[in-house]
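Asker: Structure incoming, see below.
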Amino acid sequence: MQSGMSCLCRRRTRRNSPCRKEICRPMNESSSPYELTPGAQEELLERLPVHAFESECQRSLEMIELCQRYMTHFVSEKEDPDSHEMRQTLSDLAVATGRLDRNLSNMLALLHCMQHAEKPYWEPVELCSFVAAICSEQAQIQQALGTRLVLDCGGLTELYVHADVRYLTCICLQLLSNALRACTPDGGTITLTLRDDGSGGAVLSISDTGCGLPDCSFRSQQNNRSRFLGTTKSGLLLCQEYCKLTGWTLELRPCASGSGTEALLTIPPKSGTDSSPILRSVSEEDALHAQRRLWFALVFELNCVPGMETVKFDLPAEFT
């Protein structure tokens, strides 16, 4: 018995010996022999083939969509239980594909910003009609989520600013998406307020009555995490990068009226331009194409919001 205990102790000693720890140490340490210095990181980022990666991702997404269409056509005329399960699977696949497309788009746009490949394209944008288009599907939103959208332009009928409409669309849709998630699943109210800053710029506020910004409490963080589960947080990072490129400011703060969050986007007058009225000579056809692109971007974003993944939106008659 004594000999057996001695043998067991020797085994434990060998297992926990300093020599064994020294042998295993490199595998357990967080440091890696392949560590990049800050300069090497920038060089690697510059050499990263973002455009090739973007093309390959787009090709893969198109292949997935093609397979979805084929399978949808295959089961469209069948009514057996297997076909019903297949249709549900295709619906789930469409939801996952949409979210993947959104996350990849955000991450690739961020990489373009980090590579200094993004440059603003300035053009006159009429904000009253732009924000109204953002709220155009409020009936569908209220029916699906129980959240009401309120638009307040303060009596303005037209408000022109110089902006990059791509960046503006991304920022506004991201803020709307965040507000909808914050109000889910209980519902609430989202108010979009547009004001002229008096110097040729504009201030857009998007406030909600949702869960609010997380504080240090565990309950608050859990509440926020449950509503934003599955997101990569890349959207807000992208909005901040676009604001840096354009000279805009984006501030998130608790609502002054109580619970909820207010996102405040300030668009100052573009440097080098005066505060005189902006005249825009754009054909009706160009304006219609711009509204159509904005509507499709809105619908794509809404279909990525939990609870609205399977909502079908009817194309407005003016776009057909």
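Each chain in the structure tokens gets a letter, A, B and so on, in the order shown; residues start at 1 in every chain, and ligands are counted from 1 in the order they appear.
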Hey, what's within 7 Å of Glu126 of chain A if we count only C-alpha atoms and toss same-chain stuff fewer than 5 positions away? As number ranges by chain, please?
Answerer: A: 158-161
Asker: Excluding Phe296 of chain A and its own-chain neighbours fewer than 4 positions away, which residues fall within 12 Å of it when counting only C-alpha atoms? Please give them as a list in words.
Answerer: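 Here the qualifying residues turn out to be Ala133, Ile134, Ser136, Glu137, Thr169, Leu173, His289, Ala290, Gln291, Arg292, Phe300, Glu301, Leu302, Asn303, Phe313, Asp314, Leu315, Pro316 and Phe319 of chain A.
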Asker: Atom CA of Leu288 of chain A to atom CA of Ala317 of chain A: how many Å, to one decimal?
Answerer: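 For atom CA of Leu288 of chain A relative to atom CA of Ala317 of chain A, the distance reads 11.7 Å.
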Asker: Please compute the atom CA of Val131 of chain A-atom CA of Ile190 of chain A distance, one decimal, in Å.
Answerer: 12.9 Å
Asker: Name all residues at most 10 Å from segment 256-265 of chain A (count only C-alpha atoms; drop same-chain ones fewer than 4 positions away) and give them as a ChimeraX atom specification.
Answerer: /A:168,171-172,175-176,178-179,182-183,188-194,202-213,243,248-252
Asker: I need the residues from that last selection saved to file as an mmCIF file, in the first residue's frame (with C-alpha atoms), if you can.
Answerer:
```
data_model
loop_
_atom_site.group_PDB
_atom_site.id
_atom_site.type_symbol
_atom_site.label_atom_id
_atom_site.label_comp_id
_atom_site.auth_asym_id
_atom_site.auth_seq_id
_atom_site.Cartn_x
_atom_site.Cartn_y
_atom_site.Cartn_z
ATOM 1 C CA LEU A 168 -26.258 59.556 -45.117
ATOM 2 C CA ILE A 171 -26.062 56.264 -41.051
ATOM 3 C CA CYS A 172 -29.820 56.911 -40.960
ATOM 4 C CA LEU A 175 -29.714 54.447 -36.414
ATOM 5 C CA LEU A 176 -33.283 53.436 -37.304
ATOM 6 C CA ASN A 178 -30.775 50.280 -33.639
ATOM 7 C CA ALA A 179 -33.845 52.159 -32.417
ATOM 8 C CA ALA A 182 -34.016 48.779 -28.683
ATOM 9 C CA CYS A 183 -37.848 48.879 -28.702
ATOM 10 C CA GLY A 188 -42.508 51.830 -28.371
ATOM 11 C CA THR A 189 -42.138 55.101 -30.220
ATOM 12 C CA ILE A 190 -39.330 56.322 -32.475
ATOM 13 C CA THR A 191 -39.267 60.034 -33.264
ATOM 14 C CA LEU A 192 -37.281 61.481 -36.156
ATOM 15 C CA THR A 193 -36.778 65.216 -35.705
ATOM 16 C CA LEU A 194 -35.236 67.389 -38.423
ATOM 17 C CA ALA A 202 -28.981 70.515 -40.380
ATOM 18 C CA VAL A 203 -29.523 68.497 -37.216
ATOM 19 C CA LEU A 204 -31.306 65.135 -37.322
ATOM 20 C CA SER A 205 -32.380 63.457 -34.095
ATOM 21 C CA ILE A 206 -33.597 59.849 -33.881
ATOM 22 C CA SER A 207 -34.905 59.080 -30.399
ATOM 23 C CA ASP A 208 -36.627 55.976 -29.071
ATOM 24 C CA THR A 209 -38.397 54.798 -25.930
ATOM 25 C CA GLY A 210 -36.525 51.488 -25.855
ATOM 26 C CA CYS A 211 -34.060 49.856 -23.480
ATOM 27 C CA GLY A 212 -31.626 52.783 -23.440
ATOM 28 C CA LEU A 213 -27.852 52.786 -23.357
ATOM 29 C CA CYS A 243 -18.669 61.065 -39.937
ATOM 30 C CA TRP A 248 -20.239 65.402 -39.384
ATOM 31 C CA THR A 249 -20.800 64.553 -35.721
ATOM 32 C CA LEU A 250 -22.788 61.657 -34.285
ATOM 33 C CA GLU A 251 -23.666 61.573 -30.599
ATOM 34 C CA LEU A 252 -25.542 58.885 -28.668
#
```
Asker: What is the atom CA of Leu145 of chain A to atom CA of Leu90 of chain A distance in Å?
Answerer: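 Atom CA of Leu145 of chain A sits 22.7 Å away from atom CA of Leu90 of chain A.
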Asker: Could you go through segment 56-192 of chain A and tell me which residues DSSP, when run on the backbone, assigns to strand (DSSP E or B), listing them as a list of chain:residue names?
Answerer: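 After running DSSP on the backbone, segment 56-192 of chain A has strand (DSSP E or B) at A:Glu123, A:Pro124, A:Val125, A:Glu126, A:Thr147, A:Arg148, A:Leu149, A:Val150, A:Leu151, A:Asp152, A:Tyr160, A:Val161, A:His162, A:Ala163, A:Gly188, A:Thr189, A:Ile190, A:Thr191, A:Leu192.
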Asker: For the selection just defined, write its residues with N, CA and C atoms to a file, as a CSV table (one decimal), in the first residue's frame.
Answerer:
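Below you can see again34.csv, which holds the result:
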```csv
chain,number,residue,atom,x,y,z
A,123,GLU,N,-23.0,66.2,-52.9
A,123,GLU,CA,-24.1,66.6,-53.8
A,123,GLU,C,-25.2,67.2,-52.9
A,124,PRO,N,-26.1,68.0,-53.5
A,124,PRO,CA,-27.2,68.5,-52.7
A,124,PRO,C,-28.2,67.4,-52.4
A,125,VAL,N,-28.6,67.4,-51.2
A,125,VAL,CA,-29.6,66.4,-50.8
A,125,VAL,C,-30.8,67.1,-50.0
A,126,GLU,N,-32.0,66.9,-50.4
A,126,GLU,CA,-33.1,67.5,-49.8
A,126,GLU,C,-33.6,66.6,-48.6
A,147,THR,N,-44.2,49.1,-32.9
A,147,THR,CA,-43.4,50.4,-32.7
A,147,THR,C,-43.9,51.4,-33.7
A,148,ARG,N,-44.2,52.6,-33.2
A,148,ARG,CA,-44.7,53.7,-34.0
A,148,ARG,C,-43.6,54.7,-34.4
A,149,LEU,N,-43.6,55.1,-35.6
A,149,LEU,CA,-42.6,56.1,-36.1
A,149,LEU,C,-43.3,57.4,-36.2
A,150,VAL,N,-42.7,58.5,-35.7
A,150,VAL,CA,-43.2,59.8,-35.7
A,150,VAL,C,-42.2,60.7,-36.4
A,151,LEU,N,-42.6,61.5,-37.4
A,151,LEU,CA,-41.7,62.4,-38.2
A,151,LEU,C,-42.1,63.8,-37.8
A,152,ASP,N,-41.1,64.6,-37.4
A,152,ASP,CA,-41.2,66.0,-37.0
A,152,ASP,C,-40.2,66.8,-37.8
A,160,TYR,N,-32.2,71.7,-47.9
A,160,TYR,CA,-31.1,71.2,-48.7
A,160,TYR,C,-29.7,71.3,-47.9
A,161,VAL,N,-28.9,70.3,-48.0
A,161,VAL,CA,-27.6,70.3,-47.5
A,161,VAL,C,-26.7,69.6,-48.5
A,162,HIS,N,-25.4,69.9,-48.4
A,162,HIS,CA,-24.4,69.2,-49.2
A,162,HIS,C,-24.0,67.9,-48.4
A,163,ALA,N,-24.2,66.8,-49.0
A,163,ALA,CA,-23.9,65.5,-48.3
A,163,ALA,C,-23.5,64.4,-49.3
A,188,GLY,N,-42.8,50.5,-28.9
A,188,GLY,CA,-42.5,51.8,-28.4
A,188,GLY,C,-42.7,52.9,-29.4
A,189,THR,N,-42.0,54.0,-29.3
A,189,THR,CA,-42.1,55.1,-30.2
A,189,THR,C,-40.8,55.6,-30.6
A,190,ILE,N,-40.6,55.8,-31.9
A,190,ILE,CA,-39.3,56.3,-32.5
A,190,ILE,C,-39.7,57.6,-33.1
A,191,THR,N,-39.0,58.7,-32.7
A,191,THR,CA,-39.3,60.0,-33.3
A,191,THR,C,-38.1,60.5,-34.1
A,192,LEU,N,-38.3,60.9,-35.3
A,192,LEU,CA,-37.3,61.5,-36.2
A,192,LEU,C,-37.6,63.0,-36.3
```
Asker: When you count only C-alpha atoms, which of these residues is closest to Pro268 of chain A: A:Ser83, A:Ser199, A:Ser283, A:Thr310?
Answerer: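 Smallest separation from Pro268 of chain A among the options: A:Ser199.
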Asker: DSSP on the backbone: which residues in segment 31-165 of chain A end up as helix (DSSP H, G or I)? Give the answer as an MDAnalysis selection string.
Answerer: chainID A and resid 38:47 50:75 81:114 127:134 138:145 165
Asker: Tell me which of A:Lys78, A:Arg87, A:Arg69, A:Arg47 sits closest to His112 of chain A, counting only C-alpha atoms.
Answerer: A:Arg47
Asker: Near Thr97 of chain A, counting only C-alpha atoms, which residues have an atom at most 9 Å away, once you skip same-chain residues fewer than 3 positions from it, shown as a PyMOL selection string?
Answerer: chain A and resi 61+64-65+92-94+100-102
Asker: Which residues, written as a VMD selection string, have at least one atom at most 12 Å from Gly146 of chain A, with only C-alpha atoms counted and residues fewer than 5 positions away on the same chain left out?
Answerer: chain A and resid 138 to 141 180 to 181 183 to 190 307 to 308
